[in-house]
>>> print(open('start.tsv').read())   # TSV, N, CA and C atoms
chain	number	residue	atom	x	y	z
L	1	MET	N	-9.89	-17.42	29.06
L	1	MET	CA	-10.25	-18.76	28.63
L	1	MET	C	-11.10	-18.67	27.37
L	2	HIS	N	-10.47	-18.77	26.26
L	2	HIS	CA	-11.19	-18.65	25.00
L	2	HIS	C	-11.30	-20.01	24.34
L	3	ASN	N	-12.50	-20.38	23.97
L	3	ASN	CA	-12.74	-21.62	23.26
L	3	ASN	C	-13.03	-21.26	21.81
L	4	PRO	N	-12.13	-21.62	20.87
L	4	PRO	CA	-12.32	-21.19	19.49
L	4	PRO	C	-13.56	-21.79	18.83
L	5	GLU	N	-14.12	-22.83	19.40
L	5	GLU	CA	-15.31	-23.44	18.82
L	5	GLU	C	-16.60	-22.80	19.34
L	6	PHE	N	-16.48	-21.91	20.31
L	6	PHE	CA	-17.65	-21.28	20.91
L	6	PHE	C	-17.86	-19.88	20.34
L	7	THR	N	-19.11	-19.58	20.01
L	7	THR	CA	-19.49	-18.21	19.67
L	7	THR	C	-20.87	-17.93	20.26
L	8	CYS	N	-21.08	-16.69	20.60
L	8	CYS	CA	-22.41	-16.24	21.01
L	8	CYS	C	-22.55	-14.80	20.59
L	9	SER	N	-23.48	-14.56	19.68
L	9	SER	CA	-23.77	-13.18	19.30
L	9	SER	C	-24.93	-12.69	20.15
L	10	VAL	N	-24.85	-11.42	20.53
L	10	VAL	CA	-25.90	-10.80	21.34
L	10	VAL	C	-26.27	-9.50	20.64
L	11	GLY	N	-27.58	-9.33	20.37
L	11	GLY	CA	-28.03	-8.13	19.70
L	11	GLY	C	-29.46	-7.81	20.06
L	12	TYR	N	-30.02	-6.85	19.35
L	12	TYR	CA	-31.38	-6.41	19.63
L	12	TYR	C	-32.17	-6.37	18.34
L	13	ASP	N	-33.37	-6.96	18.36
L	13	ASP	CA	-34.27	-6.97	17.21
L	13	ASP	C	-35.37	-5.94	17.48
L	14	GLN	N	-35.34	-4.84	16.76
L	14	GLN	CA	-36.32	-3.77	17.01
L	14	GLN	C	-37.74	-4.18	16.64
L	15	HIS	N	-37.90	-4.99	15.58
L	15	HIS	CA	-39.24	-5.39	15.16
L	15	HIS	C	-39.94	-6.22	16.25
L	16	ALA	N	-39.22	-7.18	16.81
L	16	ALA	CA	-39.80	-8.03	17.86
L	16	ALA	C	-39.58	-7.44	19.25
L	17	ALA	N	-38.85	-6.33	19.32
L	17	ALA	CA	-38.54	-5.68	20.61
L	17	ALA	C	-37.95	-6.67	21.60
L	18	CYS	N	-36.90	-7.37	21.14
L	18	CYS	CA	-36.30	-8.38	22.01
L	18	CYS	C	-34.79	-8.44	21.83
L	19	VAL	N	-34.13	-8.87	22.88
L	19	VAL	CA	-32.71	-9.18	22.79
L	19	VAL	C	-32.61	-10.56	22.14
L	20	VAL	N	-31.64	-10.71	21.26
L	20	VAL	CA	-31.43	-11.98	20.56
L	20	VAL	C	-30.03	-12.49	20.88
L	21	MET	N	-29.96	-13.73	21.32
L	21	MET	CA	-28.66	-14.37	21.55
L	21	MET	C	-28.62	-15.66	20.74
L	22	VAL	N	-27.49	-15.88	20.05
L	22	VAL	CA	-27.31	-17.08	19.24
L	22	VAL	C	-26.05	-17.77	19.74
L	23	TRP	N	-26.25	-18.94	20.37
L	23	TRP	CA	-25.16	-19.71	20.98
L	23	TRP	C	-24.75	-20.84	20.05
L	24	LYS	N	-23.43	-21.05	19.93
L	24	LYS	CA	-22.91	-22.17	19.14
L	24	LYS	C	-21.69	-22.74	19.84
L	25	GLY	N	-21.59	-24.06	19.83
L	25	GLY	CA	-20.41	-24.72	20.40
L	25	GLY	C	-20.54	-24.96	21.89
L	26	TYR	N	-19.39	-25.08	22.54
L	26	TYR	CA	-19.34	-25.35	23.98
L	26	TYR	C	-18.61	-24.23	24.69
L	27	ALA	N	-19.18	-23.75	25.77
L	27	ALA	CA	-18.56	-22.68	26.57
L	27	ALA	C	-18.15	-23.24	27.93
L	28	THR	N	-16.93	-22.94	28.32
L	28	THR	CA	-16.49	-23.25	29.68
L	28	THR	C	-17.33	-22.42	30.65
L	29	THR	N	-17.31	-22.77	31.91
L	29	THR	CA	-18.09	-22.03	32.90
L	29	THR	C	-17.75	-20.53	32.91
L	30	PRO	N	-16.48	-20.14	32.95
L	30	PRO	CA	-16.21	-18.69	32.94
L	30	PRO	C	-16.73	-18.00	31.68
L	31	LEU	N	-16.58	-18.63	30.53
L	31	LEU	CA	-17.04	-18.05	29.28
L	31	LEU	C	-18.57	-18.01	29.23
L	32	PHE	N	-19.22	-19.07	29.71
L	32	PHE	CA	-20.68	-19.12	29.75
L	32	PHE	C	-21.24	-17.98	30.59
L	33	ARG	N	-20.66	-17.79	31.76
L	33	ARG	CA	-21.17	-16.75	32.67
L	33	ARG	C	-20.84	-15.35	32.16
L	34	GLU	N	-19.66	-15.16	31.62
L	34	GLU	CA	-19.29	-13.87	31.04
L	34	GLU	C	-20.23	-13.50	29.90
L	35	THR	N	-20.56	-14.47	29.07
L	35	THR	CA	-21.46	-14.22	27.94
L	35	THR	C	-22.86	-13.91	28.43
L	36	ASN	N	-23.32	-14.62	29.44
L	36	ASN	CA	-24.65	-14.33	29.99
L	36	ASN	C	-24.69	-12.95	30.64
L	37	GLU	N	-23.58	-12.48	31.16
L	37	GLU	CA	-23.52	-11.11	31.69
L	37	GLU	C	-23.70	-10.10	30.56
L	38	ARG	N	-23.16	-10.41	29.36
L	38	ARG	CA	-23.37	-9.52	28.20
L	38	ARG	C	-24.84	-9.50	27.81
L	39	VAL	N	-25.49	-10.66	27.87
L	39	VAL	CA	-26.92	-10.73	27.56
L	39	VAL	C	-27.70	-9.88	28.57
L	40	LEU	N	-27.38	-10.03	29.83
L	40	LEU	CA	-28.04	-9.26	30.88
L	40	LEU	C	-27.84	-7.76	30.68
L	41	ALA	N	-26.62	-7.35	30.32
L	41	ALA	CA	-26.33	-5.94	30.08
L	41	ALA	C	-27.16	-5.41	28.91
L	42	CYS	N	-27.32	-6.21	27.88
L	42	CYS	CA	-28.12	-5.79	26.73
L	42	CYS	C	-29.60	-5.67	27.13
L	43	LEU	N	-30.11	-6.63	27.90
L	43	LEU	CA	-31.49	-6.55	28.38
L	43	LEU	C	-31.71	-5.25	29.15
L	44	LYS	N	-30.76	-4.94	30.01
L	44	LYS	CA	-30.87	-3.74	30.84
L	44	LYS	C	-30.76	-2.47	29.98
L	45	ASP	N	-29.77	-2.45	29.10
L	45	ASP	CA	-29.54	-1.28	28.25
L	45	ASP	C	-30.75	-0.98	27.37
L	46	LYS	N	-31.36	-2.01	26.81
L	46	LYS	CA	-32.50	-1.83	25.91
L	46	LYS	C	-33.83	-1.81	26.65
L	47	GLN	N	-33.79	-2.03	27.97
L	47	GLN	CA	-35.00	-2.15	28.79
L	47	GLN	C	-35.96	-3.17	28.17
L	48	ALA	N	-35.38	-4.28	27.74
L	48	ALA	CA	-36.14	-5.32	27.04
L	48	ALA	C	-36.83	-6.25	28.03
L	49	THR	N	-38.04	-6.63	27.69
L	49	THR	CA	-38.79	-7.60	28.49
L	49	THR	C	-38.83	-8.96	27.82
L	50	ARG	N	-38.24	-9.05	26.61
L	50	ARG	CA	-38.30	-10.28	25.82
L	50	ARG	C	-36.90	-10.70	25.39
L	51	LEU	N	-36.71	-12.02	25.32
L	51	LEU	CA	-35.42	-12.59	24.93
L	51	LEU	C	-35.64	-13.76	23.99
L	52	LEU	N	-34.93	-13.73	22.86
L	52	LEU	CA	-34.93	-14.86	21.94
L	52	LEU	C	-33.58	-15.55	22.08
L	53	GLY	N	-33.62	-16.82	22.46
L	53	GLY	CA	-32.39	-17.60	22.60
L	53	GLY	C	-32.34	-18.69	21.55
L	54	ASP	N	-31.47	-18.51	20.57
L	54	ASP	CA	-31.27	-19.55	19.55
L	54	ASP	C	-30.14	-20.43	20.05
L	55	ILE	N	-30.51	-21.55	20.65
L	55	ILE	CA	-29.53	-22.44	21.27
L	55	ILE	C	-29.47	-23.79	20.57
L	56	ARG	N	-29.94	-23.84	19.33
L	56	ARG	CA	-29.98	-25.13	18.63
L	56	ARG	C	-28.59	-25.73	18.45
L	57	ASP	N	-27.54	-24.89	18.32
L	57	ASP	CA	-26.18	-25.40	18.12
L	57	ASP	C	-25.30	-25.26	19.35
L	58	PHE	N	-25.92	-24.99	20.50
L	58	PHE	CA	-25.17	-24.91	21.76
L	58	PHE	C	-25.10	-26.32	22.33
L	59	ILE	N	-23.90	-26.76	22.67
L	59	ILE	CA	-23.70	-28.18	22.97
L	59	ILE	C	-24.19	-28.60	24.36
L	60	LEU	N	-23.82	-27.87	25.42
L	60	LEU	CA	-24.18	-28.34	26.75
L	60	LEU	C	-24.06	-27.23	27.79
L	61	ILE	N	-24.97	-27.24	28.76
L	61	ILE	CA	-24.88	-26.37	29.93
L	61	ILE	C	-24.57	-27.29	31.11
L	62	SER	N	-23.46	-27.06	31.78
L	62	SER	CA	-23.07	-27.91	32.90
L	62	SER	C	-24.08	-27.82	34.04
L	63	ALA	N	-24.06	-28.81	34.93
L	63	ALA	CA	-24.97	-28.81	36.08
L	63	ALA	C	-24.74	-27.57	36.95
L	64	ALA	N	-23.48	-27.20	37.16
L	64	ALA	CA	-23.18	-26.01	37.97
L	64	ALA	C	-23.72	-24.75	37.31
L	65	ASP	N	-23.61	-24.67	35.99
L	65	ASP	CA	-24.13	-23.50	35.28
L	65	ASP	C	-25.65	-23.48	35.24
L	66	GLN	N	-26.26	-24.64	35.23
L	66	GLN	CA	-27.72	-24.70	35.32
L	66	GLN	C	-28.18	-24.11	36.65
L	67	ASP	N	-27.50	-24.51	37.73
L	67	ASP	CA	-27.84	-23.97	39.05
L	67	ASP	C	-27.61	-22.46	39.09
L	68	TRP	N	-26.50	-22.01	38.51
L	68	TRP	CA	-26.18	-20.58	38.47
L	68	TRP	C	-27.26	-19.81	37.73
L	69	LEU	N	-27.73	-20.35	36.61
L	69	LEU	CA	-28.82	-19.69	35.88
L	69	LEU	C	-30.04	-19.52	36.77
L	70	ASN	N	-30.45	-20.62	37.44
L	70	ASN	CA	-31.65	-20.57	38.26
L	70	ASN	C	-31.50	-19.72	39.52
L	71	GLN	N	-30.34	-19.76	40.13
L	71	GLN	CA	-30.16	-19.08	41.41
L	71	GLN	C	-29.68	-17.64	41.29
L	72	VAL	N	-28.98	-17.33	40.19
L	72	VAL	CA	-28.36	-16.01	40.06
L	72	VAL	C	-28.88	-15.25	38.84
L	73	TRP	N	-28.67	-15.82	37.66
L	73	TRP	CA	-28.93	-15.06	36.43
L	73	TRP	C	-30.41	-14.79	36.19
L	74	ILE	N	-31.25	-15.82	36.26
L	74	ILE	CA	-32.68	-15.64	35.97
L	74	ILE	C	-33.32	-14.66	36.97
L	75	PRO	N	-33.07	-14.78	38.27
L	75	PRO	CA	-33.65	-13.77	39.18
L	75	PRO	C	-33.19	-12.34	38.86
L	76	ARG	N	-31.93	-12.18	38.46
L	76	ARG	CA	-31.45	-10.84	38.09
L	76	ARG	C	-32.15	-10.36	36.82
L	77	ALA	N	-32.33	-11.25	35.85
L	77	ALA	CA	-32.99	-10.87	34.60
L	77	ALA	C	-34.44	-10.48	34.85
L	78	ILE	N	-35.13	-11.23	35.70
L	78	ILE	CA	-36.51	-10.89	36.04
L	78	ILE	C	-36.55	-9.54	36.77
L	79	GLU	N	-35.59	-9.32	37.64
L	79	GLU	CA	-35.54	-8.07	38.40
L	79	GLU	C	-35.40	-6.85	37.48
L	80	ILE	N	-34.67	-6.99	36.38
L	80	ILE	CA	-34.53	-5.84	35.47
L	80	ILE	C	-35.63	-5.78	34.42
L	81	GLY	N	-36.56	-6.76	34.43
L	81	GLY	CA	-37.73	-6.65	33.58
L	81	GLY	C	-38.01	-7.77	32.60
L	82	LEU	N	-37.15	-8.80	32.53
L	82	LEU	CA	-37.40	-9.90	31.59
L	82	LEU	C	-38.68	-10.64	31.97
L	83	ARG	N	-39.58	-10.84	30.97
L	83	ARG	CA	-40.85	-11.51	31.23
L	83	ARG	C	-41.14	-12.67	30.29
L	84	ARG	N	-40.58	-12.63	29.06
L	84	ARG	CA	-40.89	-13.67	28.06
L	84	ARG	C	-39.60	-14.12	27.39
L	85	VAL	N	-39.46	-15.44	27.29
L	85	VAL	CA	-38.30	-16.02	26.64
L	85	VAL	C	-38.77	-17.02	25.59
L	86	ALA	N	-38.26	-16.87	24.38
L	86	ALA	CA	-38.52	-17.82	23.30
L	86	ALA	C	-37.21	-18.53	23.00
L	87	LEU	N	-37.22	-19.85	23.14
L	87	LEU	CA	-36.01	-20.64	22.91
L	87	LEU	C	-36.15	-21.51	21.66
L	88	VAL	N	-35.16	-21.44	20.79
L	88	VAL	CA	-35.09	-22.36	19.66
L	88	VAL	C	-34.43	-23.62	20.20
L	89	GLN	N	-35.16	-24.72	20.14
L	89	GLN	CA	-34.77	-25.99	20.77
L	89	GLN	C	-33.35	-26.43	20.42
L	90	PRO	N	-32.60	-26.87	21.41
L	90	PRO	CA	-31.27	-27.42	21.14
L	90	PRO	C	-31.36	-28.71	20.32
L	91	SER	N	-30.44	-28.88	19.41
L	91	SER	CA	-30.41	-30.13	18.64
L	91	SER	C	-29.66	-31.22	19.40
L	92	TYR	N	-28.84	-30.83	20.38
L	92	TYR	CA	-28.09	-31.80	21.17
L	92	TYR	C	-28.95	-32.29	22.34
L	93	TYR	N	-29.16	-33.59	22.42
L	93	TYR	CA	-30.06	-34.19	23.40
L	93	TYR	C	-29.73	-33.75	24.83
L	94	PHE	N	-28.47	-33.85	25.23
L	94	PHE	CA	-28.13	-33.56	26.62
L	94	PHE	C	-28.32	-32.08	26.95
L	95	ASN	N	-28.17	-31.21	25.98
L	95	ASN	CA	-28.45	-29.81	26.24
L	95	ASN	C	-29.95	-29.56	26.32
L	96	ARG	N	-30.71	-30.31	25.55
L	96	ARG	CA	-32.18	-30.19	25.64
L	96	ARG	C	-32.64	-30.56	27.05
L	97	VAL	N	-32.06	-31.62	27.60
L	97	VAL	CA	-32.37	-32.03	28.97
L	97	VAL	C	-31.95	-30.95	29.95
L	98	ALA	N	-30.76	-30.37	29.75
L	98	ALA	CA	-30.27	-29.32	30.64
L	98	ALA	C	-31.18	-28.10	30.60
L	99	VAL	N	-31.58	-27.69	29.41
L	99	VAL	CA	-32.46	-26.53	29.27
L	99	VAL	C	-33.81	-26.80	29.93
L	100	ASP	N	-34.35	-27.99	29.72
L	100	ASP	CA	-35.62	-28.36	30.37
L	100	ASP	C	-35.47	-28.31	31.89
L	101	ASN	N	-34.33	-28.74	32.40
L	101	ASN	CA	-34.07	-28.71	33.84
L	101	ASN	C	-34.09	-27.28	34.36
L	102	VAL	N	-33.48	-26.36	33.62
L	102	VAL	CA	-33.47	-24.96	34.04
L	102	VAL	C	-34.88	-24.37	33.98
L	103	THR	N	-35.55	-24.54	32.86
L	103	THR	CA	-36.86	-23.90	32.70
L	103	THR	C	-37.92	-24.49	33.62
L	104	SER	N	-37.77	-25.77	33.96
L	104	SER	CA	-38.76	-26.39	34.86
L	104	SER	C	-38.68	-25.81	36.27
L	105	ARG	N	-37.58	-25.16	36.60
L	105	ARG	CA	-37.41	-24.58	37.94
L	105	ARG	C	-37.71	-23.08	37.97
L	106	THR	N	-38.22	-22.53	36.87
L	106	THR	CA	-38.58	-21.10	36.87
L	106	THR	C	-40.06	-20.95	37.21
L	107	ASP	N	-40.39	-19.83	37.80
L	107	ASP	CA	-41.78	-19.54	38.17
L	107	ASP	C	-42.51	-19.02	36.94
L	108	PRO	N	-43.48	-19.79	36.40
L	108	PRO	CA	-44.17	-19.37	35.18
L	108	PRO	C	-45.01	-18.10	35.37
L	109	ASN	N	-45.29	-17.72	36.60
L	109	ASN	CA	-46.00	-16.47	36.85
L	109	ASN	C	-45.09	-15.26	36.72
L	110	ARG	N	-43.78	-15.49	36.79
L	110	ARG	CA	-42.82	-14.39	36.69
L	110	ARG	C	-42.10	-14.38	35.35
L	111	LEU	N	-41.98	-15.56	34.71
L	111	LEU	CA	-41.25	-15.66	33.45
L	111	LEU	C	-41.90	-16.73	32.58
L	112	THR	N	-42.36	-16.31	31.41
L	112	THR	CA	-42.96	-17.25	30.46
L	112	THR	C	-41.89	-17.71	29.49
L	113	VAL	N	-41.75	-19.02	29.36
L	113	VAL	CA	-40.76	-19.61	28.45
L	113	VAL	C	-41.50	-20.49	27.45
L	114	ALA	N	-41.21	-20.29	26.17
L	114	ALA	CA	-41.82	-21.10	25.11
L	114	ALA	C	-40.71	-21.64	24.21
L	115	TYR	N	-40.95	-22.82	23.64
L	115	TYR	CA	-39.98	-23.50	22.79
L	115	TYR	C	-40.44	-23.48	21.34
L	116	PHE	N	-39.46	-23.36	20.44
L	116	PHE	CA	-39.76	-23.31	19.00
L	116	PHE	C	-38.72	-24.11	18.23
L	117	ASP	N	-39.09	-24.52	17.02
L	117	ASP	CA	-38.17	-25.26	16.16
L	117	ASP	C	-37.30	-24.34	15.31
L	118	ASP	N	-37.69	-23.06	15.19
L	118	ASP	CA	-36.88	-22.14	14.40
L	118	ASP	C	-37.02	-20.72	14.94
L	119	ALA	N	-36.07	-19.89	14.56
L	119	ALA	CA	-36.02	-18.52	15.09
L	119	ALA	C	-37.17	-17.66	14.56
L	120	ASP	N	-37.63	-17.91	13.36
L	120	ASP	CA	-38.72	-17.10	12.80
L	120	ASP	C	-40.00	-17.23	13.62
L	121	ASN	N	-40.36	-18.47	13.98
L	121	ASN	CA	-41.55	-18.69	14.81
L	121	ASN	C	-41.36	-18.10	16.21
L	122	ALA	N	-40.16	-18.22	16.74
L	122	ALA	CA	-39.88	-17.64	18.06
L	122	ALA	C	-40.02	-16.13	18.03
L	123	ARG	N	-39.50	-15.50	16.99
L	123	ARG	CA	-39.56	-14.05	16.82
L	123	ARG	C	-41.01	-13.59	16.67
L	124	THR	N	-41.79	-14.34	15.88
L	124	THR	CA	-43.21	-14.00	15.68
L	124	THR	C	-43.97	-14.07	16.99
L	125	TRP	N	-43.71	-15.10	17.79
L	125	TRP	CA	-44.37	-15.24	19.09
L	125	TRP	C	-44.02	-14.06	19.99
L	126	LEU	N	-42.74	-13.70	20.04
L	126	LEU	CA	-42.33	-12.59	20.88
L	126	LEU	C	-42.93	-11.27	20.42
L	127	ALA	N	-42.97	-11.05	19.11
L	127	ALA	CA	-43.50	-9.80	18.57
L	127	ALA	C	-44.99	-9.65	18.84
L	128	GLY	N	-45.69	-10.79	18.96
L	128	GLY	CA	-47.13	-10.75	19.17
L	128	GLY	C	-47.55	-10.72	20.62
L	129	ASN	N	-46.59	-10.78	21.53
L	129	ASN	CA	-46.92	-10.82	22.96
L	129	ASN	C	-46.27	-9.68	23.70
>>> encode(input="start.tsv", output="structure tokens")
Amino acid sequence: MHNPEFTCSVGYDQHAACVVMVWKGYATTPLFRETNERVLACLKDKQATRLLGDIRDFILISAADQDWLNQVWIPRAIEIGLRRVALVQPSYYFNRVAVDNVTSRTDPNRLTVAYFDDADNARTWLAGN
């Protein structure tokens, strides 16, 4: 199931010591979960405790995928060592609501999530913590 309008790059920023994911477009549930598995694999491979998510151009996370993030993906990410997440705010209103819904259900004692208007400020925050 390939959506030609969807892209997500996953990489590692050595300066900020974080995995970086840049989401654009809309991902179907299978594509969303497959891509998040790539992010998880990168976190594990790099033994990264920090994640920068540039989701400003990501259109929407479905309700089912929001639940999957909270019930499956986030606990697995915390288990392998994720502690800090910097998110570049979505420009799409409904995705902003979806992201807020996901982050409001995370335990702030186990995972710190901060929001930024641009990737540079997010990267600086991660590098300093």
>>> residues_near_point(input="start.tsv", point="(-27.7, -24.3, 26.3)", cutoff="8 Å", atoms="all atoms listed in the file", output="list in words")
Trp23, Asp54, Ile55, Arg56, Asp57, Phe58, Ile59, Leu60, Ile61, Ser62, Pro90, Phe94, Asn95, Arg96, Ala98 and Val99 of chain L
>>> write_last_selection(input="start.tsv", atoms="N, CA and C atoms", output="PDB file, keeping the file's coordinate frame")
ATOM      1  N   TRP L  23     -26.250 -18.940  20.370  1.00  0.00           N
ATOM      2  CA  TRP L  23     -25.160 -19.710  20.980  1.00  0.00           C
ATOM      3  C   TRP L  23     -24.750 -20.840  20.050  1.00  0.00           C
ATOM      4  N   ASP L  54     -31.470 -18.510  20.570  1.00  0.00           N
ATOM      5  CA  ASP L  54     -31.270 -19.550  19.550  1.00  0.00           C
ATOM      6  C   ASP L  54     -30.140 -20.430  20.050  1.00  0.00           C
ATOM      7  N   ILE L  55     -30.510 -21.550  20.650  1.00  0.00           N
ATOM      8  CA  ILE L  55     -29.530 -22.440  21.270  1.00  0.00           C
ATOM      9  C   ILE L  55     -29.470 -23.790  20.570  1.00  0.00           C
ATOM     10  N   ARG L  56     -29.940 -23.840  19.330  1.00  0.00           N
ATOM     11  CA  ARG L  56     -29.980 -25.130  18.630  1.00  0.00           C
ATOM     12  C   ARG L  56     -28.590 -25.730  18.450  1.00  0.00           C
ATOM     13  N   ASP L  57     -27.540 -24.890  18.320  1.00  0.00           N
ATOM     14  CA  ASP L  57     -26.180 -25.400  18.120  1.00  0.00           C
ATOM     15  C   ASP L  57     -25.300 -25.260  19.350  1.00  0.00           C
ATOM     16  N   PHE L  58     -25.920 -24.990  20.500  1.00  0.00           N
ATOM     17  CA  PHE L  58     -25.170 -24.910  21.760  1.00  0.00           C
ATOM     18  C   PHE L  58     -25.100 -26.320  22.330  1.00  0.00           C
ATOM     19  N   ILE L  59     -23.900 -26.760  22.670  1.00  0.00           N
ATOM     20  CA  ILE L  59     -23.700 -28.180  22.970  1.00  0.00           C
ATOM     21  C   ILE L  59     -24.190 -28.600  24.360  1.00  0.00           C
ATOM     22  N   LEU L  60     -23.820 -27.870  25.420  1.00  0.00           N
ATOM     23  CA  LEU L  60     -24.180 -28.340  26.750  1.00  0.00           C
ATOM     24  C   LEU L  60     -24.060 -27.230  27.790  1.00  0.00           C
ATOM     25  N   ILE L  61     -24.970 -27.240  28.760  1.00  0.00           N
ATOM     26  CA  ILE L  61     -24.880 -26.370  29.930  1.00  0.00           C
ATOM     27  C   ILE L  61     -24.570 -27.290  31.110  1.00  0.00           C
ATOM     28  N   SER L  62     -23.460 -27.060  31.780  1.00  0.00           N
ATOM     29  CA  SER L  62     -23.070 -27.910  32.900  1.00  0.00           C
ATOM     30  C   SER L  62     -24.080 -27.820  34.040  1.00  0.00           C
ATOM     31  N   PRO L  90     -32.600 -26.870  21.410  1.00  0.00           N
ATOM     32  CA  PRO L  90     -31.270 -27.420  21.140  1.00  0.00           C
ATOM     33  C   PRO L  90     -31.360 -28.710  20.320  1.00  0.00           C
ATOM     34  N   PHE L  94     -28.470 -33.850  25.230  1.00  0.00           N
ATOM     35  CA  PHE L  94     -28.130 -33.560  26.620  1.00  0.00           C
ATOM     36  C   PHE L  94     -28.320 -32.080  26.950  1.00  0.00           C
ATOM     37  N   ASN L  95     -28.170 -31.210  25.980  1.00  0.00           N
ATOM     38  CA  ASN L  95     -28.450 -29.810  26.240  1.00  0.00           C
ATOM     39  C   ASN L  95     -29.950 -29.560  26.320  1.00  0.00           C
ATOM     40  N   ARG L  96     -30.710 -30.310  25.550  1.00  0.00           N
ATOM     41  CA  ARG L  96     -32.180 -30.190  25.640  1.00  0.00           C
ATOM     42  C   ARG L  96     -32.640 -30.560  27.050  1.00  0.00           C
ATOM     43  N   ALA L  98     -30.760 -30.370  29.750  1.00  0.00           N
ATOM     44  CA  ALA L  98     -30.270 -29.320  30.640  1.00  0.00           C
ATOM     45  C   ALA L  98     -31.180 -28.100  30.600  1.00  0.00           C
ATOM     46  N   VAL L  99     -31.580 -27.690  29.410  1.00  0.00           N
ATOM     47  CA  VAL L  99     -32.460 -26.530  29.270  1.00  0.00           C
ATOM     48  C   VAL L  99     -33.810 -26.800  29.930  1.00  0.00           C
TER      49      VAL L  99
END
>>> closest_residue(input="start.tsv", among="L:Val97, L:Ala114, L:Leu69, L:Val20", to="Arg84 (chain L)", atoms="only N, CA and C atoms")
L:Ala114
>>> closest_residue(input="start.tsv", among="L:Ser9, L:Gln89, L:Thr103, L:Gln71", to="Tyr115 (chain L)", atoms="all atoms listed in the file")
L:Gln89
>>> residues_near_point(input="start.tsv", point="(-30.6, -9.9, 17.7)", cutoff="8 Å", atoms="all atoms listed in the file", output="ChimeraX atom specification")
/L:9-14,18-22,52
>>> write_last_selection(input="start.tsv", atoms="N, CA and C atoms", output="mmCIF file, in the coordinates of the input")
data_model
loop_
_atom_site.group_PDB
_atom_site.id
_atom_site.type_symbol
_atom_site.label_atom_id
_atom_site.label_comp_id
_atom_site.auth_asym_id
_atom_site.auth_seq_id
_atom_site.Cartn_x
_atom_site.Cartn_y
_atom_site.Cartn_z
ATOM 1 N N SER L 9 -23.480 -14.560 19.680
ATOM 2 C CA SER L 9 -23.770 -13.180 19.300
ATOM 3 C C SER L 9 -24.930 -12.690 20.150
ATOM 4 N N VAL L 10 -24.850 -11.420 20.530
ATOM 5 C CA VAL L 10 -25.900 -10.800 21.340
ATOM 6 C C VAL L 10 -26.270 -9.500 20.640
ATOM 7 N N GLY L 11 -27.580 -9.330 20.370
ATOM 8 C CA GLY L 11 -28.030 -8.130 19.700
ATOM 9 C C GLY L 11 -29.460 -7.810 20.060
ATOM 10 N N TYR L 12 -30.020 -6.850 19.350
ATOM 11 C CA TYR L 12 -31.380 -6.410 19.630
ATOM 12 C C TYR L 12 -32.170 -6.370 18.340
ATOM 13 N N ASP L 13 -33.370 -6.960 18.360
ATOM 14 C CA ASP L 13 -34.270 -6.970 17.210
ATOM 15 C C ASP L 13 -35.370 -5.940 17.480
ATOM 16 N N GLN L 14 -35.340 -4.840 16.760
ATOM 17 C CA GLN L 14 -36.320 -3.770 17.010
ATOM 18 C C GLN L 14 -37.740 -4.180 16.640
ATOM 19 N N CYS L 18 -36.900 -7.370 21.140
ATOM 20 C CA CYS L 18 -36.300 -8.380 22.010
ATOM 21 C C CYS L 18 -34.790 -8.440 21.830
ATOM 22 N N VAL L 19 -34.130 -8.870 22.880
ATOM 23 C CA VAL L 19 -32.710 -9.180 22.790
ATOM 24 C C VAL L 19 -32.610 -10.560 22.140
ATOM 25 N N VAL L 20 -31.640 -10.710 21.260
ATOM 26 C CA VAL L 20 -31.430 -11.980 20.560
ATOM 27 C C VAL L 20 -30.030 -12.490 20.880
ATOM 28 N N MET L 21 -29.960 -13.730 21.320
ATOM 29 C CA MET L 21 -28.660 -14.370 21.550
ATOM 30 C C MET L 21 -28.620 -15.660 20.740
ATOM 31 N N VAL L 22 -27.490 -15.880 20.050
ATOM 32 C CA VAL L 22 -27.310 -17.080 19.240
ATOM 33 C C VAL L 22 -26.050 -17.770 19.740
ATOM 34 N N LEU L 52 -34.930 -13.730 22.860
ATOM 35 C CA LEU L 52 -34.930 -14.860 21.940
ATOM 36 C C LEU L 52 -33.580 -15.550 22.080
#
>>> axis_aligned_box(input="start.tsv", around="region 77-87 of chain L", padding_each_side="8 Å", output="JSON")
{"center_x": -36.7, "center_y": -13.6, "center_z": 30.0, "size_x": 24.8, "size_y": 31.7, "size_z": 32.7}
>>> atom_distance(input="start.tsv", atom1="CA of Ser91 (chain L)", atom2="CA of Arg38 (chain L)")
23.8 Å
>>> select_by_dssp(input="start.tsv", residues="chain L", states="strand (DSSP E or B)", output="VMD selection string")
chain L and resid 7 to 13 18 to 25 50 to 58 84 to 88 112 to 116
>>> closest_residue(input="start.tsv", among="L:Thr29, L:Thr106, L:Asn121, L:Asn101", to="Ala86 (chain L)", atoms="all atoms listed in the file")
L:Asn121
>>> atom_distance(input="start.tsv", atom1="CA of Ala27 (chain L)", atom2="CA of Gly53 (chain L)")
15.3 Å
>>> atom_distance(input="start.tsv", atom1="atom N of Asp65 (chain L)", atom2="atom C of Leu87 (chain L)")
19.3 Å
>>> select_by_dssp(input="start.tsv", residues="region 35-114 of chain L", states="alpha helix (DSSP H)", output="VMD selection string")
chain L and resid 35 to 46 63 to 68 74 to 79 93 to 104
>>> closest_residue(input="start.tsv", among="L:Asp100, L:Thr35, L:Lys24, L:Leu126", to="Leu51 (chain L)", atoms="only N, CA and C atoms")
L:Leu126
>>> closest_residue(input="start.tsv", among="L:Arg33, L:Arg123, L:Arg105, L:Arg50", to="Asn70 (chain L)", atoms="only N, CA and C atoms")
L:Arg105
